[in-house]
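*Asks:* I'd like to ask some things about the structure below.
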Amino acid sequence: MDFGIKVGKPEKQRGACIVVGVFESRKLTGPAKALDKATEGYISSILKNGDLDGKADTTLLLHNVPNTLCKRVLLVGLGKEKEFGDNAYLGAIRTTFNALNKTGAADATLFLTEIPVKERDDDWKVSRAVMLGLESVYCFDTLKSKKDENKSKLSQVTLNAVDNKKMTVGKESVQQGQAIAHGVSLAKDLGNMAPNVCTPTYLADQAKAIAKAHKLKITVLEEKDMQKLGMGSLLSVSQGSRQPAKLIAVEYQGLKKMEKPVVLVGKGVTFDTGGVSLKPSPDMDEMKYDMSGAGSVLGTIAAVAEMKLAINLVCIVPATENMPDGLATKPGDVVTSMSGQTIEVLNTDAEGRLILCDALTYAARYKPDVVIDIATLTGACVIALGHVATGLISNDDKLAAEILSASEQSTDRAWQLPLWDDYQDLLKSNFADIANIGGRAGGTITAACFLSRFTKDYRWAHLDIAGTAWKSGKEKGSTGRPVPLLTQFLISRAKK
Ligand code: BES
Ligand code: MN
Ligand code: ZN
């Protein structure tokens with residue numbers, strides 16, 4: 001699906017379909033009015049018949065409208081004008097693409113990005129429309145023998161701009177929207193891939209392919225390299241698996257070398273059985289998504305490279321399976337992390353922090369400006385924030401504020417939880433420096449407290465995406481979150 005920006009009048013558009021919005025109750029937007037005028041009241045007469053009131057999530061497709069040059073007109077309900085904010089705008093764009101994808105139209109011109117949305121500028125509206133358009137045709141049928149035949153025919157989308165001056169801005173937003181959508185789609189593909197295919201080696205191969213496509217530097221550490229570095233904690237998770245662990249590092253350089261990079265660390269557990277502390281069987285298949293942090297950082301670096309952002313970025317992925325076997329770590333085992341701190345593994349299902357802690361220690365060698373780790377870390381985070389917000393915890397309030405602002409801008413929600421010292425005591429161990437669990441209470445925070453023991457030398461934030469990285473139920477699948485948040489964070493930094 002290609003996107004363009006143009007200045008034009010609805011009644012003058014040739015092509016397969018034009019899209020105009022209608023507020024509740026039957027209140028025409030500017031372009032809808034223009035069209036109504038050109039068609040001598042045709043649009044309003046149809047609304048008067050009661051076929052469309054303007055309620056959100058409704059559409060009406062008209063064919064061969066008199067005095068127009070296009071084949072179809074799609075009317076889209078926008079809800080109440082007074083309530084037209086982020087969610088209403090994004091909802092209207094989604095509804096539009098869902099309706100367009102069902103028609104035979106190969107091209108469409110949208111007169112929606114010019115409608116005022118509270119506190120949002122044209123850049124935002126254009127990049128969101130492009131992202132949602134591309135997202136509407138995302139489909140993961142790689143593993144099906146028969147591919148979906150009802151694929152959308154829509155291949156060219158034009159977004160109308162109000163005037164020429166806004167067009168240069170618009171083009172950049174189109175590119176950003178495309179790059180973010182590509183990153184989201186990459187993260188989704190990795191998350192959705194079956195865990196017998198998506199192994200640590202597969203993640204490393206995919207990272208190599210991204211690096212090759214964008215000419216990025218990549219390093220993949222093997223288990224023997226990890227051994228030399230003393231990554232006893234990471235290796236204690238992979239030792240119960242037949243699949244060798246990998247530690248992947250991809251470097252993007254958009255600035256001079258000396259500029260300190262942002263380092264993203266993504267949890268890459270390609271399947272989490274819980275290990276000896278085995279998880280219950282129902283829904284265990286969903287633990288293939290336990291590499292979503294890894295998917296999101298790879299998607300983000302691909303998007304950043306596509307946008308050629310002026311920033312230095314390093315993505316680190318500790319990749320492993322968490323399996324039970326004769327050699328697997330047992331509850332009570334004490335392991336030594338790369339930092340030298342010893343860890344009592346009281347629950348082998350708290351494996352994410354065990355691989356992240358060594359990756360976070362390793363991250364220090366890049367002399368980072370800030371480090372953000374992204375992980376499907378705790379079921380407790382799903383209980384606390386549901387499937388709406390990603391959990392955010394940081395040792396630096398300025399960094400947290402920067403992330404929250406990116407979250408607001410990208411409408412990829414995050415919510416901050418505290419990292420108070422009061423919680424640290426819960427990780428006391430009688431036999432090692434630290435235990436790997438802190439009990440059920442405050443599970444998301446104690447997990448972050450564990451990580452904080454390894455991030456004392458730099459500004460760091462942790463994103464718990466256990467509730468936001470994928471959807472269960474009928475629409476089971478990866479969401480590609482938080483690629484929009486992370487890319488926005490980097491876009492905002494690159495502008496400085
Ligand atoms: N990958 C899971 C976290 C998870 C659980 C994500 C459910 C999404 C949905 C993680 O490795 C895990 O098992 N965490 C344990 C930690 C506990 C043993 C302290 C959990 O949350 O139950
Ligand atoms: Mn686990
Ligand atoms: Zn896990």
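How things are named: the first chain in the structure tokens is A, the next is B, and so on; residues count from 1 in each chain; ligands count from 1 in the order shown.
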Within 7 Å of ligand 1 (counting only C-alpha atoms and all ligand atoms), which residues show up? I'd like them as JSON, numbers by chain.
*Replies:* {"A": [272, 274, 287, 290, 347, 349, 350, 351, 352, 376, 377, 378, 379, 380, 382, 437, 438, 439, 440, 443, 466, 467]}
*Asks:* Generate the output file for the selected residues, C-alpha atoms, as a PDB file, in the first residue's frame.
*Replies:*
ATOM      1  CA  ASP A 272       8.899 -20.001  28.333  1.00  0.00           C
ATOM      2  CA  GLY A 274       8.647 -21.991  33.261  1.00  0.00           C
ATOM      3  CA  MET A 287       4.585 -18.167  25.910  1.00  0.00           C
ATOM      4  CA  ASP A 290       7.934 -14.202  25.491  1.00  0.00           C
ATOM      5  CA  ASN A 347      11.676 -19.960  40.855  1.00  0.00           C
ATOM      6  CA  ASP A 349       9.902 -19.272  35.880  1.00  0.00           C
ATOM      7  CA  ALA A 350      11.338 -15.880  36.845  1.00  0.00           C
ATOM      8  CA  GLU A 351      13.823 -16.365  33.997  1.00  0.00           C
ATOM      9  CA  GLY A 352      13.393 -13.043  32.201  1.00  0.00           C
ATOM     10  CA  THR A 376       7.197  -9.547  28.899  1.00  0.00           C
ATOM     11  CA  LEU A 377       8.366  -9.842  32.466  1.00  0.00           C
ATOM     12  CA  THR A 378       5.508 -10.366  34.913  1.00  0.00           C
ATOM     13  CA  GLY A 379       1.958 -11.697  35.003  1.00  0.00           C
ATOM     14  CA  ALA A 380       1.517  -9.189  37.848  1.00  0.00           C
ATOM     15  CA  VAL A 382      -1.220  -7.750  33.453  1.00  0.00           C
ATOM     16  CA  ILE A 437      11.735 -13.529  43.197  1.00  0.00           C
ATOM     17  CA  GLY A 438      10.145 -11.277  45.767  1.00  0.00           C
ATOM     18  CA  GLY A 439       6.803 -12.978  46.334  1.00  0.00           C
ATOM     19  CA  ARG A 440       3.412 -12.303  44.754  1.00  0.00           C
ATOM     20  CA  GLY A 443       5.505  -8.559  41.503  1.00  0.00           C
ATOM     21  CA  ALA A 466       3.412  -8.601  29.511  1.00  0.00           C
ATOM     22  CA  GLY A 467      -0.092  -7.174  29.036  1.00  0.00           C
TER      23      GLY A 467
END
*Asks:* List as a PDB file with N, CA, C and O atoms, in the first residue's frame the protein and nucleic acid residues lying within 12 Å of ligand 3, with only C-alpha atoms and all ligand atoms counted.
*Replies:*
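Final output, pocket-v8.pdb:
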ATOM      1  N   VAL A 237      19.662 -20.169  32.460  1.00  0.00           N
ATOM      2  CA  VAL A 237      18.338 -20.338  31.854  1.00  0.00           C
ATOM      3  C   VAL A 237      18.443 -21.246  30.633  1.00  0.00           C
ATOM      4  O   VAL A 237      17.620 -22.141  30.435  1.00  0.00           O
ATOM      5  N   GLY A 266      16.103  -6.133  24.705  1.00  0.00           N
ATOM      6  CA  GLY A 266      14.805  -6.805  24.568  1.00  0.00           C
ATOM      7  C   GLY A 266      14.851  -8.258  25.010  1.00  0.00           C
ATOM      8  O   GLY A 266      15.668  -9.040  24.520  1.00  0.00           O
ATOM      9  N   LYS A 267      13.975  -8.626  25.926  1.00  0.00           N
ATOM     10  CA  LYS A 267      13.902 -10.021  26.397  1.00  0.00           C
ATOM     11  C   LYS A 267      13.554 -10.943  25.232  1.00  0.00           C
ATOM     12  O   LYS A 267      12.520 -10.784  24.577  1.00  0.00           O
ATOM     13  N   GLY A 268      14.393 -11.938  25.011  1.00  0.00           N
ATOM     14  CA  GLY A 268      14.175 -12.846  23.882  1.00  0.00           C
ATOM     15  C   GLY A 268      14.027 -14.285  24.318  1.00  0.00           C
ATOM     16  O   GLY A 268      14.792 -15.148  23.871  1.00  0.00           O
ATOM     17  N   VAL A 269      13.059 -14.565  25.195  1.00  0.00           N
ATOM     18  CA  VAL A 269      12.781 -15.957  25.553  1.00  0.00           C
ATOM     19  C   VAL A 269      11.836 -16.512  24.478  1.00  0.00           C
ATOM     20  O   VAL A 269      10.654 -16.151  24.437  1.00  0.00           O
ATOM     21  N   THR A 270      12.363 -17.348  23.606  1.00  0.00           N
ATOM     22  CA  THR A 270      11.568 -17.773  22.443  1.00  0.00           C
ATOM     23  C   THR A 270      10.496 -18.787  22.828  1.00  0.00           C
ATOM     24  O   THR A 270       9.546 -18.994  22.089  1.00  0.00           O
ATOM     25  N   PHE A 271      10.646 -19.411  23.987  1.00  0.00           N
ATOM     26  CA  PHE A 271       9.536 -20.143  24.599  1.00  0.00           C
ATOM     27  C   PHE A 271       9.792 -20.296  26.085  1.00  0.00           C
ATOM     28  O   PHE A 271      10.865 -20.711  26.497  1.00  0.00           O
ATOM     29  N   ASP A 272       8.763 -19.958  26.879  1.00  0.00           N
ATOM     30  CA  ASP A 272       8.899 -20.001  28.333  1.00  0.00           C
ATOM     31  C   ASP A 272       7.961 -21.046  28.916  1.00  0.00           C
ATOM     32  O   ASP A 272       6.774 -20.799  29.113  1.00  0.00           O
ATOM     33  N   THR A 273       8.520 -22.240  29.182  1.00  0.00           N
ATOM     34  CA  THR A 273       7.694 -23.281  29.828  1.00  0.00           C
ATOM     35  C   THR A 273       7.635 -23.060  31.333  1.00  0.00           C
ATOM     36  O   THR A 273       6.853 -23.694  32.025  1.00  0.00           O
ATOM     37  N   GLY A 274       8.491 -22.169  31.820  1.00  0.00           N
ATOM     38  CA  GLY A 274       8.647 -21.991  33.261  1.00  0.00           C
ATOM     39  C   GLY A 274       9.874 -22.740  33.769  1.00  0.00           C
ATOM     40  O   GLY A 274      10.359 -22.501  34.855  1.00  0.00           O
ATOM     41  N   GLY A 275      10.362 -23.695  32.965  1.00  0.00           N
ATOM     42  CA  GLY A 275      11.483 -24.530  33.418  1.00  0.00           C
ATOM     43  C   GLY A 275      10.979 -25.551  34.429  1.00  0.00           C
ATOM     44  O   GLY A 275       9.831 -25.983  34.354  1.00  0.00           O
ATOM     45  N   SER A 277      10.114 -25.095  37.411  1.00  0.00           N
ATOM     46  CA  SER A 277       8.904 -24.492  37.997  1.00  0.00           C
ATOM     47  C   SER A 277       7.879 -24.348  36.875  1.00  0.00           C
ATOM     48  O   SER A 277       7.483 -23.243  36.499  1.00  0.00           O
ATOM     49  N   LEU A 278       7.473 -25.498  36.356  1.00  0.00           N
ATOM     50  CA  LEU A 278       6.673 -25.579  35.121  1.00  0.00           C
ATOM     51  C   LEU A 278       5.362 -24.792  35.198  1.00  0.00           C
ATOM     52  O   LEU A 278       4.672 -24.829  36.215  1.00  0.00           O
ATOM     53  N   LYS A 279       5.034 -24.128  34.106  1.00  0.00           N
ATOM     54  CA  LYS A 279       3.772 -23.402  34.028  1.00  0.00           C
ATOM     55  C   LYS A 279       2.622 -24.388  33.794  1.00  0.00           C
ATOM     56  O   LYS A 279       2.846 -25.462  33.238  1.00  0.00           O
ATOM     57  N   MET A 284      -0.451 -22.242  27.430  1.00  0.00           N
ATOM     58  CA  MET A 284       1.014 -22.162  27.476  1.00  0.00           C
ATOM     59  C   MET A 284       1.600 -21.791  26.111  1.00  0.00           C
ATOM     60  O   MET A 284       2.684 -21.210  26.023  1.00  0.00           O
ATOM     61  N   GLU A 286       0.924 -19.424  24.442  1.00  0.00           N
ATOM     62  CA  GLU A 286       1.144 -17.971  24.373  1.00  0.00           C
ATOM     63  C   GLU A 286       2.538 -17.577  24.834  1.00  0.00           C
ATOM     64  O   GLU A 286       2.983 -16.456  24.594  1.00  0.00           O
ATOM     65  N   MET A 287       3.225 -18.491  25.464  1.00  0.00           N
ATOM     66  CA  MET A 287       4.585 -18.167  25.910  1.00  0.00           C
ATOM     67  C   MET A 287       5.593 -18.141  24.753  1.00  0.00           C
ATOM     68  O   MET A 287       6.771 -17.903  24.942  1.00  0.00           O
ATOM     69  N   LYS A 288       5.076 -18.360  23.515  1.00  0.00           N
ATOM     70  CA  LYS A 288       5.943 -18.099  22.362  1.00  0.00           C
ATOM     71  C   LYS A 288       6.162 -16.587  22.211  1.00  0.00           C
ATOM     72  O   LYS A 288       7.109 -16.150  21.574  1.00  0.00           O
ATOM     73  N   TYR A 289       5.241 -15.803  22.796  1.00  0.00           N
ATOM     74  CA  TYR A 289       5.363 -14.339  22.719  1.00  0.00           C
ATOM     75  C   TYR A 289       6.372 -13.776  23.720  1.00  0.00           C
ATOM     76  O   TYR A 289       6.524 -12.563  23.818  1.00  0.00           O
ATOM     77  N   ASP A 290       7.028 -14.686  24.445  1.00  0.00           N
ATOM     78  CA  ASP A 290       7.934 -14.202  25.491  1.00  0.00           C
ATOM     79  C   ASP A 290       9.228 -13.613  24.912  1.00  0.00           C
ATOM     80  O   ASP A 290      10.125 -13.221  25.651  1.00  0.00           O
ATOM     81  N   MET A 291       9.266 -13.539  23.580  1.00  0.00           N
ATOM     82  CA  MET A 291      10.400 -12.858  22.922  1.00  0.00           C
ATOM     83  C   MET A 291       9.934 -11.533  22.315  1.00  0.00           C
ATOM     84  O   MET A 291      10.614 -10.966  21.461  1.00  0.00           O
ATOM     85  N   SER A 292       8.772 -11.058  22.774  1.00  0.00           N
ATOM     86  CA  SER A 292       8.222  -9.835  22.175  1.00  0.00           C
ATOM     87  C   SER A 292       9.098  -8.599  22.438  1.00  0.00           C
ATOM     88  O   SER A 292       9.128  -7.674  21.634  1.00  0.00           O
ATOM     89  N   GLY A 293       9.789  -8.591  23.560  1.00  0.00           N
ATOM     90  CA  GLY A 293      10.716  -7.486  23.825  1.00  0.00           C
ATOM     91  C   GLY A 293      11.791  -7.454  22.748  1.00  0.00           C
ATOM     92  O   GLY A 293      12.119  -6.398  22.186  1.00  0.00           O
ATOM     93  N   ALA A 319      18.844 -14.071  23.874  1.00  0.00           N
ATOM     94  CA  ALA A 319      17.837 -14.990  23.335  1.00  0.00           C
ATOM     95  C   ALA A 319      18.072 -16.403  23.843  1.00  0.00           C
ATOM     96  O   ALA A 319      19.195 -16.923  23.775  1.00  0.00           O
ATOM     97  N   THR A 320      17.018 -17.005  24.356  1.00  0.00           N
ATOM     98  CA  THR A 320      17.114 -18.372  24.884  1.00  0.00           C
ATOM     99  C   THR A 320      15.715 -18.969  25.006  1.00  0.00           C
ATOM    100  O   THR A 320      14.717 -18.250  24.964  1.00  0.00           O
ATOM    101  N   GLU A 321      15.674 -20.293  25.148  1.00  0.00           N
ATOM    102  CA  GLU A 321      14.428 -20.948  25.566  1.00  0.00           C
ATOM    103  C   GLU A 321      14.491 -21.149  27.074  1.00  0.00           C
ATOM    104  O   GLU A 321      15.585 -21.200  27.644  1.00  0.00           O
ATOM    105  N   ASN A 322      13.337 -21.329  27.705  1.00  0.00           N
ATOM    106  CA  ASN A 322      13.311 -21.714  29.122  1.00  0.00           C
ATOM    107  C   ASN A 322      12.613 -23.070  29.205  1.00  0.00           C
ATOM    108  O   ASN A 322      11.390 -23.144  29.142  1.00  0.00           O
ATOM    109  N   MET A 323      13.408 -24.157  29.290  1.00  0.00           N
ATOM    110  CA  MET A 323      12.874 -25.514  29.209  1.00  0.00           C
ATOM    111  C   MET A 323      13.272 -26.332  30.445  1.00  0.00           C
ATOM    112  O   MET A 323      14.293 -26.055  31.072  1.00  0.00           O
ATOM    113  N   ASN A 347      12.720 -19.553  41.808  1.00  0.00           N
ATOM    114  CA  ASN A 347      11.676 -19.960  40.855  1.00  0.00           C
ATOM    115  C   ASN A 347      12.253 -19.852  39.450  1.00  0.00           C
ATOM    116  O   ASN A 347      12.649 -18.772  39.026  1.00  0.00           O
ATOM    117  N   THR A 348      12.311 -20.980  38.762  1.00  0.00           N
ATOM    118  CA  THR A 348      12.947 -20.960  37.433  1.00  0.00           C
ATOM    119  C   THR A 348      12.061 -20.265  36.407  1.00  0.00           C
ATOM    120  O   THR A 348      12.494 -20.010  35.288  1.00  0.00           O
ATOM    121  N   ASP A 349      10.803 -19.985  36.798  1.00  0.00           N
ATOM    122  CA  ASP A 349       9.902 -19.272  35.880  1.00  0.00           C
ATOM    123  C   ASP A 349      10.165 -17.760  35.899  1.00  0.00           C
ATOM    124  O   ASP A 349       9.659 -17.031  35.052  1.00  0.00           O
ATOM    125  N   ALA A 350      10.938 -17.291  36.859  1.00  0.00           N
ATOM    126  CA  ALA A 350      11.338 -15.880  36.845  1.00  0.00           C
ATOM    127  C   ALA A 350      12.662 -15.796  36.082  1.00  0.00           C
ATOM    128  O   ALA A 350      13.694 -15.386  36.617  1.00  0.00           O
ATOM    129  N   GLU A 351      12.602 -16.232  34.803  1.00  0.00           N
ATOM    130  CA  GLU A 351      13.823 -16.365  33.997  1.00  0.00           C
ATOM    131  C   GLU A 351      14.176 -15.087  33.241  1.00  0.00           C
ATOM    132  O   GLU A 351      15.335 -14.868  32.908  1.00  0.00           O
ATOM    133  N   GLY A 352      13.156 -14.246  32.993  1.00  0.00           N
ATOM    134  CA  GLY A 352      13.393 -13.043  32.201  1.00  0.00           C
ATOM    135  C   GLY A 352      14.464 -12.176  32.836  1.00  0.00           C
ATOM    136  O   GLY A 352      15.429 -11.760  32.196  1.00  0.00           O
ATOM    137  N   ARG A 353      14.320 -11.951  34.142  1.00  0.00           N
ATOM    138  CA  ARG A 353      15.280 -11.095  34.856  1.00  0.00           C
ATOM    139  C   ARG A 353      16.663 -11.718  34.884  1.00  0.00           C
ATOM    140  O   ARG A 353      17.666 -11.022  34.938  1.00  0.00           O
ATOM    141  N   LEU A 354      16.699 -13.085  34.828  1.00  0.00           N
ATOM    142  CA  LEU A 354      18.000 -13.764  34.875  1.00  0.00           C
ATOM    143  C   LEU A 354      18.795 -13.568  33.578  1.00  0.00           C
ATOM    144  O   LEU A 354      20.018 -13.541  33.588  1.00  0.00           O
ATOM    145  N   ILE A 355      18.083 -13.445  32.468  1.00  0.00           N
ATOM    146  CA  ILE A 355      18.820 -13.212  31.214  1.00  0.00           C
ATOM    147  C   ILE A 355      19.053 -11.709  31.010  1.00  0.00           C
ATOM    148  O   ILE A 355      20.073 -11.290  30.486  1.00  0.00           O
ATOM    149  N   LEU A 356      18.095 -10.894  31.482  1.00  0.00           N
ATOM    150  CA  LEU A 356      18.233  -9.443  31.310  1.00  0.00           C
ATOM    151  C   LEU A 356      19.388  -8.893  32.138  1.00  0.00           C
ATOM    152  O   LEU A 356      20.091  -7.980  31.705  1.00  0.00           O
ATOM    153  N   ALA A 375      10.431  -5.986  28.158  1.00  0.00           N
ATOM    154  CA  ALA A 375      10.288  -7.399  28.493  1.00  0.00           C
ATOM    155  C   ALA A 375       8.860  -7.778  28.869  1.00  0.00           C
ATOM    156  O   ALA A 375       8.170  -7.028  29.564  1.00  0.00           O
ATOM    157  N   THR A 376       8.445  -8.947  28.409  1.00  0.00           N
ATOM    158  CA  THR A 376       7.197  -9.547  28.899  1.00  0.00           C
ATOM    159  C   THR A 376       7.566 -10.196  30.237  1.00  0.00           C
ATOM    160  O   THR A 376       7.754 -11.397  30.303  1.00  0.00           O
ATOM    161  N   LEU A 377       7.670  -9.365  31.267  1.00  0.00           N
ATOM    162  CA  LEU A 377       8.366  -9.842  32.466  1.00  0.00           C
ATOM    163  C   LEU A 377       7.474 -10.463  33.533  1.00  0.00           C
ATOM    164  O   LEU A 377       7.833 -11.458  34.125  1.00  0.00           O
ATOM    165  N   THR A 378       6.300  -9.849  33.788  1.00  0.00           N
ATOM    166  CA  THR A 378       5.508 -10.366  34.913  1.00  0.00           C
ATOM    167  C   THR A 378       4.002 -10.458  34.625  1.00  0.00           C
ATOM    168  O   THR A 378       3.404  -9.529  34.062  1.00  0.00           O
ATOM    169  N   GLY A 379       3.411 -11.564  35.042  1.00  0.00           N
ATOM    170  CA  GLY A 379       1.958 -11.697  35.003  1.00  0.00           C
ATOM    171  C   GLY A 379       1.327 -10.618  35.889  1.00  0.00           C
ATOM    172  O   GLY A 379       0.216 -10.144  35.620  1.00  0.00           O
ATOM    173  N   ALA A 447      10.328  -7.258  40.423  1.00  0.00           N
ATOM    174  CA  ALA A 447      11.097  -7.697  39.251  1.00  0.00           C
ATOM    175  C   ALA A 447      12.013  -6.557  38.789  1.00  0.00           C
ATOM    176  O   ALA A 447      13.182  -6.762  38.476  1.00  0.00           O
ATOM    177  N   ASP A 464       7.584  -3.101  31.134  1.00  0.00           N
ATOM    178  CA  ASP A 464       6.988  -4.435  31.256  1.00  0.00           C
ATOM    179  C   ASP A 464       5.798  -4.510  30.298  1.00  0.00           C
ATOM    180  O   ASP A 464       4.766  -3.859  30.506  1.00  0.00           O
ATOM    181  N   ILE A 465       5.970  -5.311  29.238  1.00  0.00           N
ATOM    182  CA  ILE A 465       4.958  -5.373  28.176  1.00  0.00           C
ATOM    183  C   ILE A 465       4.148  -6.675  28.222  1.00  0.00           C
ATOM    184  O   ILE A 465       3.543  -7.072  27.219  1.00  0.00           O
ATOM    185  N   ALA A 466       4.128  -7.319  29.405  1.00  0.00           N
ATOM    186  CA  ALA A 466       3.412  -8.601  29.511  1.00  0.00           C
ATOM    187  C   ALA A 466       1.940  -8.473  29.089  1.00  0.00           C
ATOM    188  O   ALA A 466       1.374  -9.397  28.504  1.00  0.00           O
TER     189      ALA A 466
END
*Asks:* Skip region 173-180 of chain A itself and residues of its chain fewer than 3 positions away, then list as a PyMOL selection string all residues within 9 Å of it, counting only C-alpha atoms.
*Replies:* chain A and resi 3-5+122-132+134+168-170+183-185+299-300+302-307+483-484+487-488
*Asks:* Of the candidates A:Ser337, A:Ala249, A:Asp189, A:Phe140, which shows the shortest atom-to-atom distance to Leu229 (chain A), using only C-alpha atoms?
*Replies:*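 Closest residue, counting only C-alpha atoms: A:Ser337.
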*Asks:* Would you list, as a PyMOL selection string, the residues of region 68-267 of chain A that end up in helix (DSSP H, G or I) under DSSP run on this structure's backbone?
*Replies:* chain A and resi 81-83+86-102+122-136+165-192+200-214+223-229+232-238
*Asks:* Per DSSP on the backbone, what are the strand (DSSP E or B) residues of region 51-292 of chain A, as an MDAnalysis selection string?
*Replies:* chainID A and resid 59:63 70:80 107:111 156:161 217:221 246:253 262:266 268:272
*Asks:* Per residue of region 134-235 of chain A within 10 Å of region 11-27 of chain A, which atom pair is closest and at what distance in Å (one decimal), using only C-alpha atoms, listed by chain and increasing number, as a Markdown table?
*Replies:*
| residue | atom | partner | partner_atom | distance |
| --- | --- | --- | --- | --- |
| A:Leu154 | CA | A:Ala16 | CA | 9.5 |
| A:Val157 | CA | A:Cys17 | CA | 9.7 |
| A:Thr158 | CA | A:Ile18 | CA | 9.3 |
| A:Leu159 | CA | A:Val19 | CA | 9.8 |
